[in-house]
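What follows is run.pdb (PDB, N, CA and C atoms).
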```pdb
ATOM      1  N   MET A  50       0.854  -1.162   0.000
ATOM      2  CA  MET A  50       0.000   0.000   0.000
ATOM      3  C   MET A  50       0.905   1.231   0.000
ATOM      4  N   LYS A  51       0.449   2.281  -0.668
ATOM      5  CA  LYS A  51       1.169   3.548  -0.623
ATOM      6  C   LYS A  51       0.175   4.688  -0.545
ATOM      7  N   ILE A  52       0.631   5.774   0.055
ATOM      8  CA  ILE A  52      -0.197   6.974   0.235
ATOM      9  C   ILE A  52       0.518   8.144  -0.422
ATOM     10  N   LYS A  53      -0.208   8.892  -1.222
ATOM     11  CA  LYS A  53       0.306  10.104  -1.858
ATOM     12  C   LYS A  53      -0.456  11.290  -1.285
ATOM     13  N   MET A  54       0.272  12.310  -0.861
ATOM     14  CA  MET A  54      -0.336  13.527  -0.333
ATOM     15  C   MET A  54      -0.179  14.646  -1.358
ATOM     16  N   VAL A  55      -1.261  15.388  -1.577
ATOM     17  CA  VAL A  55      -1.263  16.509  -2.513
ATOM     18  C   VAL A  55      -1.814  17.723  -1.769
ATOM     19  N   HIS A  56      -1.214  18.893  -2.009
ATOM     20  CA  HIS A  56      -1.744  20.115  -1.391
ATOM     21  C   HIS A  56      -1.686  21.258  -2.400
ATOM     22  N   ALA A  57      -2.586  22.221  -2.208
ATOM     23  CA  ALA A  57      -2.678  23.353  -3.134
ATOM     24  C   ALA A  57      -3.350  24.528  -2.435
ATOM     25  N   ASP A  58      -3.304  25.679  -3.110
ATOM     26  CA  ASP A  58      -3.906  26.901  -2.561
ATOM     27  C   ASP A  58      -5.385  27.040  -2.871
ATOM     28  N   ASN A  59      -5.904  26.249  -3.842
ATOM     29  CA  ASN A  59      -7.331  26.307  -4.161
ATOM     30  C   ASN A  59      -7.789  24.940  -4.677
ATOM     31  N   MET A  60      -9.098  24.755  -4.753
ATOM     32  CA  MET A  60      -9.654  23.454  -5.125
ATOM     33  C   MET A  60      -9.334  23.075  -6.574
ATOM     34  N   GLU A  61      -9.373  24.044  -7.485
ATOM     35  CA  GLU A  61      -9.059  23.746  -8.891
ATOM     36  C   GLU A  61      -7.645  23.200  -9.031
ATOM     37  N   GLU A  62      -6.706  23.857  -8.385
ATOM     38  CA  GLU A  62      -5.311  23.416  -8.431
ATOM     39  C   GLU A  62      -5.155  22.049  -7.768
ATOM     40  N   LEU A  63      -5.866  21.836  -6.663
ATOM     41  CA  LEU A  63      -5.812  20.547  -5.973
ATOM     42  C   LEU A  63      -6.276  19.426  -6.893
ATOM     43  N   PHE A  64      -7.433  19.611  -7.532
ATOM     44  CA  PHE A  64      -7.959  18.564  -8.411
ATOM     45  C   PHE A  64      -7.040  18.312  -9.602
ATOM     46  N   ALA A  65      -6.414  19.362 -10.128
ATOM     47  CA  ALA A  65      -5.475  19.190 -11.242
ATOM     48  C   ALA A  65      -4.252  18.386 -10.788
ATOM     49  N   GLN A  66      -3.746  18.679  -9.609
ATOM     50  CA  GLN A  66      -2.589  17.944  -9.100
ATOM     51  C   GLN A  66      -2.941  16.502  -8.778
ATOM     52  N   VAL A  67      -4.119  16.280  -8.211
ATOM     53  CA  VAL A  67      -4.569  14.918  -7.910
ATOM     54  C   VAL A  67      -4.659  14.105  -9.207
ATOM     55  N   SER A  68      -5.186  14.712 -10.243
ATOM     56  CA  SER A  68      -5.299  14.037 -11.529
ATOM     57  C   SER A  68      -3.917  13.640 -12.056
ATOM     58  N   GLU A  69      -2.944  14.542 -11.945
ATOM     59  CA  GLU A  69      -1.591  14.248 -12.408
ATOM     60  C   GLU A  69      -0.950  13.127 -11.589
ATOM     61  N   VAL A  70      -1.125  13.167 -10.271
ATOM     62  CA  VAL A  70      -0.574  12.118  -9.408
ATOM     63  C   VAL A  70      -1.208  10.775  -9.747
ATOM     64  N   ASP A  71      -2.517  10.770  -9.951
ATOM     65  CA  ASP A  71      -3.220   9.525 -10.259
ATOM     66  C   ASP A  71      -2.743   8.939 -11.589
ATOM     67  N   LYS A  72      -2.541   9.780 -12.588
ATOM     68  CA  LYS A  72      -2.068   9.320 -13.897
ATOM     69  C   LYS A  72      -0.654   8.746 -13.825
ATOM     70  N   ALA A  73       0.146   9.227 -12.887
ATOM     71  CA  ALA A  73       1.547   8.818 -12.781
ATOM     72  C   ALA A  73       1.736   7.478 -12.057
ATOM     73  N   GLN A  74       0.669   6.918 -11.505
ATOM     74  CA  GLN A  74       0.799   5.664 -10.759
ATOM     75  C   GLN A  74       0.973   4.485 -11.706
ATOM     76  N   ASP A  75       1.556   3.407 -11.168
ATOM     77  CA  ASP A  75       1.711   2.175 -11.940
ATOM     78  C   ASP A  75       0.349   1.632 -12.333
ATOM     79  N   ILE A  76       0.310   0.927 -13.447
ATOM     80  CA  ILE A  76      -0.957   0.389 -13.942
ATOM     81  C   ILE A  76      -1.575  -0.614 -12.965
ATOM     82  N   ASP A  77      -0.737  -1.273 -12.163
ATOM     83  CA  ASP A  77      -1.232  -2.257 -11.202
ATOM     84  C   ASP A  77      -1.723  -1.635  -9.895
ATOM     85  N   ASP A  78      -1.466  -0.348  -9.686
ATOM     86  CA  ASP A  78      -1.905   0.323  -8.463
ATOM     87  C   ASP A  78      -3.387   0.664  -8.559
ATOM     88  N   GLU A  79      -4.110   0.323  -7.509
ATOM     89  CA  GLU A  79      -5.561   0.554  -7.466
ATOM     90  C   GLU A  79      -5.876   1.609  -6.410
ATOM     91  N   LEU A  80      -6.541   2.688  -6.813
ATOM     92  CA  LEU A  80      -6.960   3.719  -5.866
ATOM     93  C   LEU A  80      -8.080   3.143  -5.006
ATOM     94  N   ILE A  81      -7.848   3.058  -3.695
ATOM     95  CA  ILE A  81      -8.842   2.443  -2.813
ATOM     96  C   ILE A  81      -9.462   3.435  -1.837
ATOM     97  N   GLY A  82      -8.946   4.676  -1.800
ATOM     98  CA  GLY A  82      -9.546   5.652  -0.916
ATOM     99  C   GLY A  82      -8.920   7.027  -1.047
ATOM    100  N   THR A  83      -9.694   8.038  -0.684
ATOM    101  CA  THR A  83      -9.204   9.412  -0.665
ATOM    102  C   THR A  83      -9.742  10.113   0.575
ATOM    103  N   SER A  84      -9.068  11.170   0.951
ATOM    104  CA  SER A  84      -9.524  11.989   2.070
ATOM    105  C   SER A  84      -9.106  13.429   1.797
ATOM    106  N   ILE A  85     -10.048  14.348   1.906
ATOM    107  CA  ILE A  85      -9.763  15.776   1.684
ATOM    108  C   ILE A  85      -9.841  16.507   3.022
ATOM    109  N   ASP A  86      -8.910  17.437   3.220
ATOM    110  CA  ASP A  86      -8.906  18.239   4.432
ATOM    111  C   ASP A  86      -8.558  19.677   4.062
ATOM    112  N   PHE A  87      -8.936  20.602   4.907
ATOM    113  CA  PHE A  87      -8.689  22.022   4.698
ATOM    114  C   PHE A  87      -7.979  22.550   5.931
ATOM    115  N   ILE A  88      -6.871  23.245   5.722
ATOM    116  CA  ILE A  88      -6.111  23.798   6.836
ATOM    117  C   ILE A  88      -6.175  25.315   6.740
ATOM    118  N   LYS A  89      -6.702  25.938   7.781
ATOM    119  CA  LYS A  89      -6.788  27.400   7.809
ATOM    120  C   LYS A  89      -5.458  27.949   8.329
ATOM    121  N   VAL A  90      -4.734  28.640   7.458
ATOM    122  CA  VAL A  90      -3.432  29.200   7.801
ATOM    123  C   VAL A  90      -3.601  30.563   8.459
ATOM    124  N   SER A  91      -4.517  31.343   7.933
ATOM    125  CA  SER A  91      -4.841  32.657   8.500
ATOM    126  C   SER A  91      -6.288  32.970   8.143
ATOM    127  N   ASP A  92      -6.750  34.151   8.514
ATOM    128  CA  ASP A  92      -8.131  34.534   8.206
ATOM    129  C   ASP A  92      -8.395  34.568   6.707
ATOM    130  N   SER A  93      -7.353  34.787   5.914
ATOM    131  CA  SER A  93      -7.552  34.913   4.475
ATOM    132  C   SER A  93      -6.881  33.807   3.657
ATOM    133  N   LYS A  94      -6.286  32.820   4.316
ATOM    134  CA  LYS A  94      -5.547  31.788   3.574
ATOM    135  C   LYS A  94      -5.922  30.395   4.059
ATOM    136  N   MET A  95      -6.216  29.517   3.080
ATOM    137  CA  MET A  95      -6.494  28.107   3.344
ATOM    138  C   MET A  95      -5.549  27.266   2.495
ATOM    139  N   ILE A  96      -5.185  26.102   3.003
ATOM    140  CA  ILE A  96      -4.450  25.109   2.215
ATOM    141  C   ILE A  96      -5.363  23.903   2.090
ATOM    142  N   TYR A  97      -5.511  23.407   0.883
ATOM    143  CA  TYR A  97      -6.368  22.269   0.593
ATOM    144  C   TYR A  97      -5.474  21.042   0.410
ATOM    145  N   CYS A  98      -5.795  19.957   1.093
ATOM    146  CA  CYS A  98      -4.974  18.745   1.059
ATOM    147  C   CYS A  98      -5.844  17.543   0.701
ATOM    148  N   GLU A  99      -5.254  16.608  -0.033
ATOM    149  CA  GLU A  99      -5.943  15.357  -0.323
ATOM    150  C   GLU A  99      -4.939  14.218  -0.225
ATOM    151  N   ALA A 100      -5.340  13.159   0.450
ATOM    152  CA  ALA A 100      -4.538  11.945   0.535
ATOM    153  C   ALA A 100      -5.160  10.905  -0.385
ATOM    154  N   LEU A 101      -4.332  10.268  -1.186
ATOM    155  CA  LEU A 101      -4.780   9.198  -2.075
ATOM    156  C   LEU A 101      -4.128   7.900  -1.609
ATOM    157  N   VAL A 102      -4.933   6.885  -1.350
ATOM    158  CA  VAL A 102      -4.427   5.606  -0.864
ATOM    159  C   VAL A 102      -4.543   4.589  -1.989
ATOM    160  N   TYR A 103      -3.418   3.959  -2.301
ATOM    161  CA  TYR A 103      -3.351   2.983  -3.382
ATOM    162  C   TYR A 103      -2.975   1.607  -2.847
ATOM    163  N   ARG A 104      -3.616   0.587  -3.383
ATOM    164  CA  ARG A 104      -3.165  -0.783  -3.180
ATOM    165  C   ARG A 104      -2.224  -1.067  -4.335
ATOM    166  N   THR A 105      -0.992  -1.407  -4.008
ATOM    167  CA  THR A 105      -0.005  -1.657  -5.050
ATOM    168  C   THR A 105      -0.189  -3.043  -5.637
ATOM    169  N   GLY A 106       0.326  -3.236  -6.838
ATOM    170  CA  GLY A 106       0.158  -4.491  -7.554
ATOM    171  C   GLY A 106       0.689  -5.700  -6.815
ATOM    172  N   ASP A 107       1.698  -5.519  -5.964
ATOM    173  CA  ASP A 107       2.266  -6.653  -5.234
ATOM    174  C   ASP A 107       1.824  -6.692  -3.780
ATOM    175  N   ASP A 108       0.771  -5.985  -3.447
ATOM    176  CA  ASP A 108       0.286  -5.876  -2.078
ATOM    177  C   ASP A 108      -0.949  -6.750  -1.875
ATOM    178  N   ASP A 109      -0.849  -7.748  -1.024
ATOM    179  CA  ASP A 109      -1.984  -8.648  -0.748
ATOM    180  C   ASP A 109      -2.717  -8.274   0.537
ATOM    181  N   GLU A 110      -2.294  -7.185   1.165
ATOM    182  CA  GLU A 110      -2.886  -6.769   2.428
ATOM    183  C   GLU A 110      -4.302  -6.249   2.227
ATOM    184  N   ASN A 111      -5.229  -6.674   3.089
ATOM    185  CA  ASN A 111      -6.595  -6.158   3.080
ATOM    186  C   ASN A 111      -6.723  -5.093   4.159
ATOM    187  N   LEU A 112      -7.426  -4.037   3.858
ATOM    188  CA  LEU A 112      -7.649  -2.984   4.864
ATOM    189  C   LEU A 112      -8.887  -3.272   5.657
TER     190      LEU A 112
END
```
Just dump the structure as structure tokens.
Amino acid sequence: MKIKMVHADNMEELFAQVSEVDKAQDIDDELIGTSIDFIKVSDSKMIYCEALVYRTGDDDENL
């Protein structure tokens, strides 16, 4: 299993980065879960984060 973390300053950028990360994975890797979080840095600034969890092609572990 592997986890990829992506962060951005806005949702559009986050989704674009997530798409690029997902495309870059091995063909045998299966996306099995995601989680989105928002971190308030200041009154006017947020950071958007998403974790992507993959089952790798050689991973027999069940979650």
**Message:** Give me the residues near A:Arg104 as a list in words, where near means some atom within 5 Å (using only N, CA and C atoms) and where sequence neighbours in that chain fewer than 3 positions away do not count.
**Reply:**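 Once the nearby chain positions are removed, what remains is Met50, Asp78, Glu79, Leu80 and Ile81 of chain A.
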**Request:** Quick one: pick out all alpha helix (DSSP H) residues within chain A from a backbone DSSP run and write them as a ChimeraX atom specification.
**Result:** /A:60-72
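Put simply, atom C of A:Asp58 is 20.0 Å away from atom N of A:Lys72.
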Report, as JSON, the centre and edge lengths in Å (one decimal) of the axis-aligned box enclosing every listed atom of stretch 84-101 of chain A, padded by 3 Å on each side.
```
{"center_x": -6.7, "center_y": 21.4, "center_z": 3.2, "size_x": 12.6, "size_y": 33.0, "size_z": 16.6}
```
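Reported to one decimal place, the separation of atom C of A:Val90 from atom N of A:Val55 is 18.3 Å.
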**Asked** Restricting the calculation to only N, CA and C atoms, which member of A:Gly106, A:Leu101, A:Lys94, A:Ile85 is positioned closest to A:Lys53?
**Response**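 Among the listed residues, the smallest separation from A:Lys53 belongs to A:Leu101.
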**Request:** Can you work out the spacing between atom CA of A:Met95 and atom CA of A:Leu63 in Å, to one decimal?
**Result:**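 Computed distance, atom CA of A:Met95 to atom CA of A:Leu63, equals 12.0 Å.
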